[in-house]
file query_38.cif (mmCIF, C-alpha atoms)
data_target
#
loop_
_atom_site.label_atom_id
_atom_site.label_comp_id
_atom_site.auth_asym_id
_atom_site.auth_seq_id
_atom_site.Cartn_x
_atom_site.Cartn_y
_atom_site.Cartn_z
CA MET A 1 160.75 105.06 76.67
CA LYS A 2 162.27 102.28 74.57
CA GLY A 3 160.09 101.34 71.65
CA ASP A 4 158.37 104.72 71.62
CA VAL A 5 159.12 107.70 69.45
CA GLU A 6 159.12 111.05 71.18
CA GLU A 7 157.46 113.91 69.35
CA SER A 8 159.90 116.44 70.78
CA GLU A 9 162.54 115.25 68.32
CA MET A 10 160.30 116.42 65.47
CA THR A 11 159.89 120.03 66.56
CA THR A 12 162.04 123.16 66.38
CA THR A 13 162.33 126.20 68.60
CA GLU A 14 161.06 129.63 67.57
CA THR A 15 164.60 130.73 66.77
CA THR A 16 165.17 127.81 64.40
CA VAL A 17 161.69 127.40 62.91
CA ALA A 18 163.02 128.01 59.39
CA GLN A 19 165.84 125.50 59.85
CA PRO A 20 165.66 121.74 59.32
CA THR A 21 165.20 119.66 62.46
CA MET A 22 168.09 117.59 63.77
CA ILE A 23 166.43 114.45 62.41
CA GLU A 24 166.14 115.97 58.95
CA SER A 25 169.76 117.13 59.04
CA ILE A 26 170.97 113.70 60.11
CA ALA A 27 168.84 112.04 57.43
CA THR A 28 170.48 114.23 54.78
CA LEU A 29 173.92 113.37 56.16
CA LEU A 30 173.12 109.65 56.04
CA GLN A 31 172.01 109.91 52.43
CA THR A 32 175.32 111.59 51.59
CA LEU A 33 177.25 108.87 53.42
CA VAL A 34 175.36 106.11 51.60
CA GLY A 35 176.13 107.75 48.28
CA ALA A 36 179.78 108.22 49.24
CA SER A 37 180.11 104.59 50.35
CA LYS A 38 179.11 103.42 46.86
CA ALA A 39 181.55 105.67 45.01
CA LYS A 40 184.51 104.12 43.25
CA GLY A 41 188.11 104.99 43.92
CA THR A 42 189.49 106.94 46.88
CA ALA A 43 188.25 110.44 46.11
CA LYS A 44 186.77 112.14 49.16
CA VAL A 45 183.17 113.32 49.44
CA ASN A 46 182.33 116.53 51.32
CA LEU A 47 179.91 116.02 54.25
CA GLY A 48 179.80 119.64 55.38
CA ARG A 49 180.60 120.66 58.94
CA TRP A 50 179.93 117.41 60.81
CA ASP A 51 181.93 115.49 63.40
CA VAL A 52 181.42 111.83 62.43
CA SER A 53 184.18 110.36 64.60
CA LYS A 54 181.89 109.11 67.37
CA GLY A 55 178.93 106.71 67.51
CA TYR A 56 176.65 109.53 66.40
CA PRO A 57 177.04 112.64 64.23
CA ASP A 58 177.52 116.05 65.80
CA PRO A 59 177.10 119.34 63.92
CA ILE A 60 180.13 121.65 64.00
CA TYR A 61 178.83 125.16 64.64
CA ASP A 62 182.18 126.91 64.25
CA ALA A 63 181.83 128.72 60.92
CA THR A 64 185.62 128.87 60.58
CA ALA A 65 186.03 125.10 60.89
CA PRO A 66 186.78 123.17 57.70
CA ASP A 67 184.23 120.79 56.20
CA THR A 68 184.55 117.08 56.87
CA SER A 69 185.36 114.84 53.92
CA VAL A 70 185.46 111.03 53.74
CA THR A 71 186.59 108.39 51.30
CA PRO A 72 184.17 105.64 50.23
CA LYS A 73 185.87 103.27 52.67
CA GLN A 74 185.56 105.78 55.51
CA ALA A 75 181.91 106.47 54.63
CA LYS A 76 181.12 102.75 54.80
CA ALA A 77 182.87 102.40 58.16
CA THR A 78 181.05 105.45 59.52
CA LEU A 79 177.66 104.09 58.49
CA ALA A 80 178.45 100.75 60.12
CA ARG A 81 179.50 102.49 63.35
CA PHE A 82 176.36 104.62 63.40
CA CYS A 83 174.15 101.59 62.71
CA LYS A 84 175.78 99.59 65.51
CA ALA A 85 175.22 102.47 67.95
CA VAL A 86 171.51 102.72 67.07
CA VAL A 87 170.93 98.96 67.30
CA SER A 88 172.88 98.79 70.59
CA SER A 89 170.71 101.56 72.06
CA GLY A 90 167.93 99.02 72.47
CA TRP A 91 165.33 101.00 70.55
CA LYS A 92 163.10 98.21 69.22
CA PRO A 93 162.16 99.72 65.82
CA ALA A 94 165.90 99.73 64.99
CA SER A 95 166.56 96.10 65.91
CA ALA A 96 166.74 95.04 62.24
CA LEU A 97 168.54 98.15 61.00
CA THR A 98 171.39 97.74 58.49
CA PRO A 99 173.75 100.39 57.07
CA SER A 100 172.24 100.14 53.62
CA THR A 101 169.82 101.78 51.22
CA HIS A 102 167.13 99.51 52.65
CA GLY A 103 168.02 100.68 56.17
CA MET A 104 167.60 104.26 55.04
CA GLN A 105 164.07 103.49 53.88
CA LEU A 106 162.83 102.06 57.19
CA THR A 107 160.26 104.25 58.95
CA HIS A 108 158.35 104.07 62.23
CA PRO A 109 155.24 106.01 63.32
CA LEU A 110 155.25 108.45 66.21
CA THR A 111 153.40 106.92 69.15
CA SER A 112 152.42 110.06 71.04
CA GLY A 113 152.01 113.82 70.84
CA LYS A 114 150.26 116.05 68.34
CA ASN A 115 152.08 114.35 65.45
CA LYS A 116 151.09 110.86 66.54
CA GLY A 117 151.06 108.54 63.56
CA THR A 118 153.62 110.56 61.57
CA LYS A 119 156.32 108.28 60.23
CA VAL A 120 159.95 109.08 60.97
CA PRO A 121 163.10 107.57 59.40
CA VAL A 122 164.36 104.87 61.76
CA PHE A 123 168.08 105.36 61.10
CA ALA A 124 168.05 109.16 61.44
CA TYR A 125 165.70 109.18 64.42
CA GLY A 126 167.67 106.43 66.14
CA LEU A 127 170.88 108.42 65.73
CA SER A 128 169.21 111.52 67.13
CA LYS A 129 168.24 109.48 70.21
CA VAL A 130 171.79 108.15 70.61
CA ARG A 131 173.17 111.68 70.26
CA ARG A 132 170.66 113.12 72.74
CA ASP A 133 171.36 110.43 75.35
CA ALA A 134 175.12 110.86 74.97
CA ARG A 135 174.86 114.62 75.35
CA ARG A 136 172.69 114.22 78.45
CA THR A 137 175.26 111.89 79.99
CA LEU A 138 178.08 114.29 79.16
CA LYS A 139 176.14 117.22 80.61
CA SER A 140 175.44 115.24 83.79
CA GLU A 141 179.11 114.32 84.14
CA LYS A 142 180.21 117.94 83.67
CA ARG A 143 177.65 119.05 86.27
CA SER A 144 178.96 116.49 88.76
CA VAL A 145 182.52 117.73 88.30
CA ALA A 146 181.43 121.37 88.66
CA LEU A 147 179.37 120.64 91.78
CA ALA A 148 182.28 118.77 93.35
CA ALA A 149 184.48 121.80 92.70
CA ALA A 150 181.86 124.11 94.22
CA GLN A 151 181.56 121.84 97.25
CA GLU A 152 185.30 122.10 97.84
CA ASN A 153 185.20 125.89 97.46
CA GLY A 154 182.66 126.91 100.08
CA GLY A 155 179.70 124.71 99.15
CA ALA A 156 177.18 124.26 96.36
CA TRP A 157 174.46 126.88 95.89
CA PHE A 158 170.73 126.46 96.47
CA ALA A 159 167.69 128.63 95.76
CA GLU A 160 164.99 128.84 98.40
CA GLY A 161 161.90 126.93 97.29
CA VAL A 162 163.54 125.26 94.28
CA THR A 163 163.38 121.50 94.76
CA ASP A 164 163.27 118.32 92.70
CA LYS A 165 160.27 115.94 92.53
CA ALA A 166 161.31 114.37 95.82
CA GLY A 167 161.31 117.74 97.55
CA VAL A 168 165.09 117.91 97.85
CA GLY A 169 166.79 121.21 97.12
CA VAL A 170 168.39 121.44 93.68
CA ALA A 171 172.12 122.15 93.84
CA TYR A 172 173.73 124.71 91.53
CA VAL A 173 177.38 125.26 90.73
CA SER A 174 177.31 129.03 91.26
CA GLU A 175 175.41 131.82 92.98
CA VAL A 176 174.38 133.26 89.60
CA LYS A 177 172.77 130.00 88.46
CA ALA A 178 170.96 129.68 91.78
CA ARG A 179 169.60 133.25 91.52
CA LYS A 180 168.38 132.60 87.99
CA ALA A 181 166.65 129.41 89.14
CA SER A 182 164.93 131.30 91.94
CA ALA A 183 163.77 134.07 89.59
CA ARG A 184 162.47 131.47 87.14
CA ALA A 185 160.55 129.67 89.88
CA VAL A 186 158.95 132.87 91.15
CA HIS A 187 158.34 134.79 87.92
CA GLY A 188 158.17 132.08 85.25
CA ALA A 189 160.26 131.22 82.19
CA ASP A 190 160.29 134.82 80.93
CA TRP A 191 161.48 136.25 84.26
CA TRP A 192 164.38 138.06 82.56
CA THR A 193 162.17 140.22 80.30
CA THR A 194 161.14 142.60 83.11
CA ASP A 195 163.25 144.01 85.97
CA LYS A 196 165.92 141.37 85.40
CA ALA A 197 168.49 142.92 87.73
CA SER A 198 166.08 143.49 90.61
CA ARG A 199 164.61 140.01 90.33
CA LEU A 200 168.05 138.46 90.51
CA GLN A 201 168.89 140.63 93.51
CA GLU A 202 165.67 139.67 95.28
CA ALA A 203 166.32 135.94 94.90
CA VAL A 204 166.95 134.12 98.16
CA VAL A 205 169.95 131.83 97.76
CA TYR A 206 172.39 130.18 100.10
CA GLN A 207 175.33 127.80 100.15
CA GLY A 208 174.94 124.27 101.39
CA THR A 209 176.34 120.81 100.91
CA TYR A 210 176.09 118.53 97.88
CA VAL A 211 178.11 115.33 97.74
CA GLU A 212 177.80 112.29 95.47
CA VAL A 213 178.61 108.82 96.76
CA GLY A 214 178.04 106.14 94.16
CA GLU A 215 174.49 106.63 92.90
CA SER A 216 173.45 108.52 96.04
CA THR A 217 173.53 112.26 96.59
CA LEU A 218 173.83 113.98 99.95
CA THR A 219 172.41 117.45 100.39
CA SER A 220 172.23 119.79 103.36
CA ASP A 221 171.36 123.44 103.95
CA VAL A 222 174.43 123.59 106.17
CA VAL A 223 177.90 123.90 104.67
CA LEU A 224 179.90 120.81 105.60
CA SER A 225 183.19 119.50 104.31
CA THR A 226 182.82 116.61 101.88
CA ASP A 227 184.17 114.14 104.45
CA ASP A 228 181.93 115.39 107.26
CA ALA A 229 178.89 115.28 104.97
CA ILE A 230 179.51 111.67 104.00
CA ILE A 231 180.03 110.55 107.59
CA ALA A 232 176.96 112.46 108.83
CA ALA A 233 174.75 111.03 106.06
CA ALA A 234 175.90 107.48 106.75
CA GLN A 235 175.28 107.86 110.48
CA GLN A 236 171.76 109.16 109.83
CA LEU A 237 171.11 105.96 107.90
CA GLY A 238 172.26 103.80 110.82
CA SER A 239 176.00 103.49 110.26
CA LYS A 240 178.40 103.58 113.19
CA ALA A 241 181.29 104.56 110.94
CA SER A 242 183.43 107.47 112.04
CA THR A 243 185.72 107.52 109.01
CA VAL A 244 185.04 108.47 105.40
CA ARG A 245 186.11 105.06 104.15
CA GLY A 246 183.73 103.29 106.51
CA ALA A 247 180.87 105.66 105.68
CA LYS A 248 181.34 105.22 101.93
CA THR A 249 181.45 101.44 102.26
CA PHE A 250 178.24 101.50 104.30
CA MET A 251 176.40 103.67 101.80
CA LEU A 252 177.58 101.73 98.76
CA ASN A 253 176.51 98.46 100.36
CA LEU A 254 173.17 100.03 101.30
CA ALA A 255 172.61 101.04 97.68
CA LYS A 256 173.13 97.44 96.51
CA LYS A 257 170.35 96.09 98.72
#

call {"tool": "encode", "arguments": {"input": "query_38.cif", "output": "structure tokens"}}
result
Amino acid sequence: MKGDVEESEMTTTETTVAQPTMIESIATLLQTLVGASKAKGTAKVNLGRWDVSKGYPDPIYDATAPDTSVTPKQAKATLARFCKAVVSSGWKPASALTPSTHGMQLTHPLTSGKNKGTKVPVFAYGLSKVRRDARRTLKSEKRSVALAAAQENGGAWFAEGVTDKAGVGVAYVSEVKARKASARAVHGADWWTTDKASRLQEAVVYQGTYVEVGESTLTSDVVLSTDDAIIAAAQQLGSKASTVRGAKTFMLNLAKK
């Protein structure tokens, strides 16, 4: 929620409990960039393994990759780009953020969770939010592409009993992912710790139809071609269209109402 700080960004998993959180790592990077931006000359400053080419920093986990180094001019430009991305995100505590030492000192208290009241650095936290949102968008786009490919190759996969909040079956890009989802739903998050193979085999999965049209998704437990699915869905909503073009136009116009 805009204006709120989510506690989840302050925690680590069991496997990384001894490691700094993403916010802490980004805060350290920002401090290095601020220092680099104030250096004289054109000598480069080592940032470690970070990709700083986008509107947010991304760790580089490839141990064989070279470290990233920037000149003072590049450090200043990077800070400005990061600051613009955080301000543009609409997160209210960052509305007055500047790429400066003062900006680095701004903090905001957590508004919920067990660490409610704990102050977090606005710049670093804001960047972690921008990064998280961008990664979610990228993941969603990749999933859409993969589901479209599955649809064209026999249909998307579904697990019996696995639905979203609206009660609609969740589509998966492969039989394996659908079986894992079924096992997770039946046996819980640690389903794989006992009888993994048999639980996957017991999962009830099937192929069906999943098609995206604009912001709408069409699902069916029957395998249909993409064109047939779009026409059938439009007709169920009252359209008289018998062509894909007509059905898509109907559904897109319906979504705008």

call {"tool": "resolve_selection", "arguments": {"input": "query_38.cif", "expression": "the PyMOL selection byres ((chain A and resi 164-171) around 10)", "output": "JSON, numbers by chain"}}
result
{"A": [143, 147, 150, 155, 156, 157, 158, 159, 160, 161, 162, 163, 172, 173, 174, 177, 178, 181, 207, 208, 209, 210, 211, 218, 219, 220, 221]}

call {"tool": "closest_residue", "arguments": {"input": "query_38.cif", "among": "A:Val122, A:Ser88, A:Ser95, A:Ala233", "to": "Leu30 in chain A", "atoms": "only C-alpha atoms"}}
result
A:Val122

call {"tool": "resolve_selection", "arguments": {"input": "query_38.cif", "expression": "the PyMOL selection byres ((chain A and resi 45) around 8)", "output": "PyMOL selection string"}}
result
chain A and resi 36+43-44+46-47+69-72

call {"tool": "closest_residue", "arguments": {"input": "query_38.cif", "among": "A:Glu175, A:Phe82, A:Trp191, A:Ser198", "to": "Asp58 in chain A", "atoms": "all atoms listed in the file"}}
result
A:Phe82

call {"tool": "resolve_selection", "arguments": {"input": "query_38.cif", "expression": "the PyMOL selection byres ((chain A and resi 103) around 12)", "output": "JSON, numbers by chain"}}
result
{"A": [27, 30, 31, 34, 79, 80, 82, 83, 86, 87, 93, 94, 95, 96, 97, 98, 99, 100, 101, 102, 104, 105, 106, 107, 108, 121, 122, 123, 124, 126]}
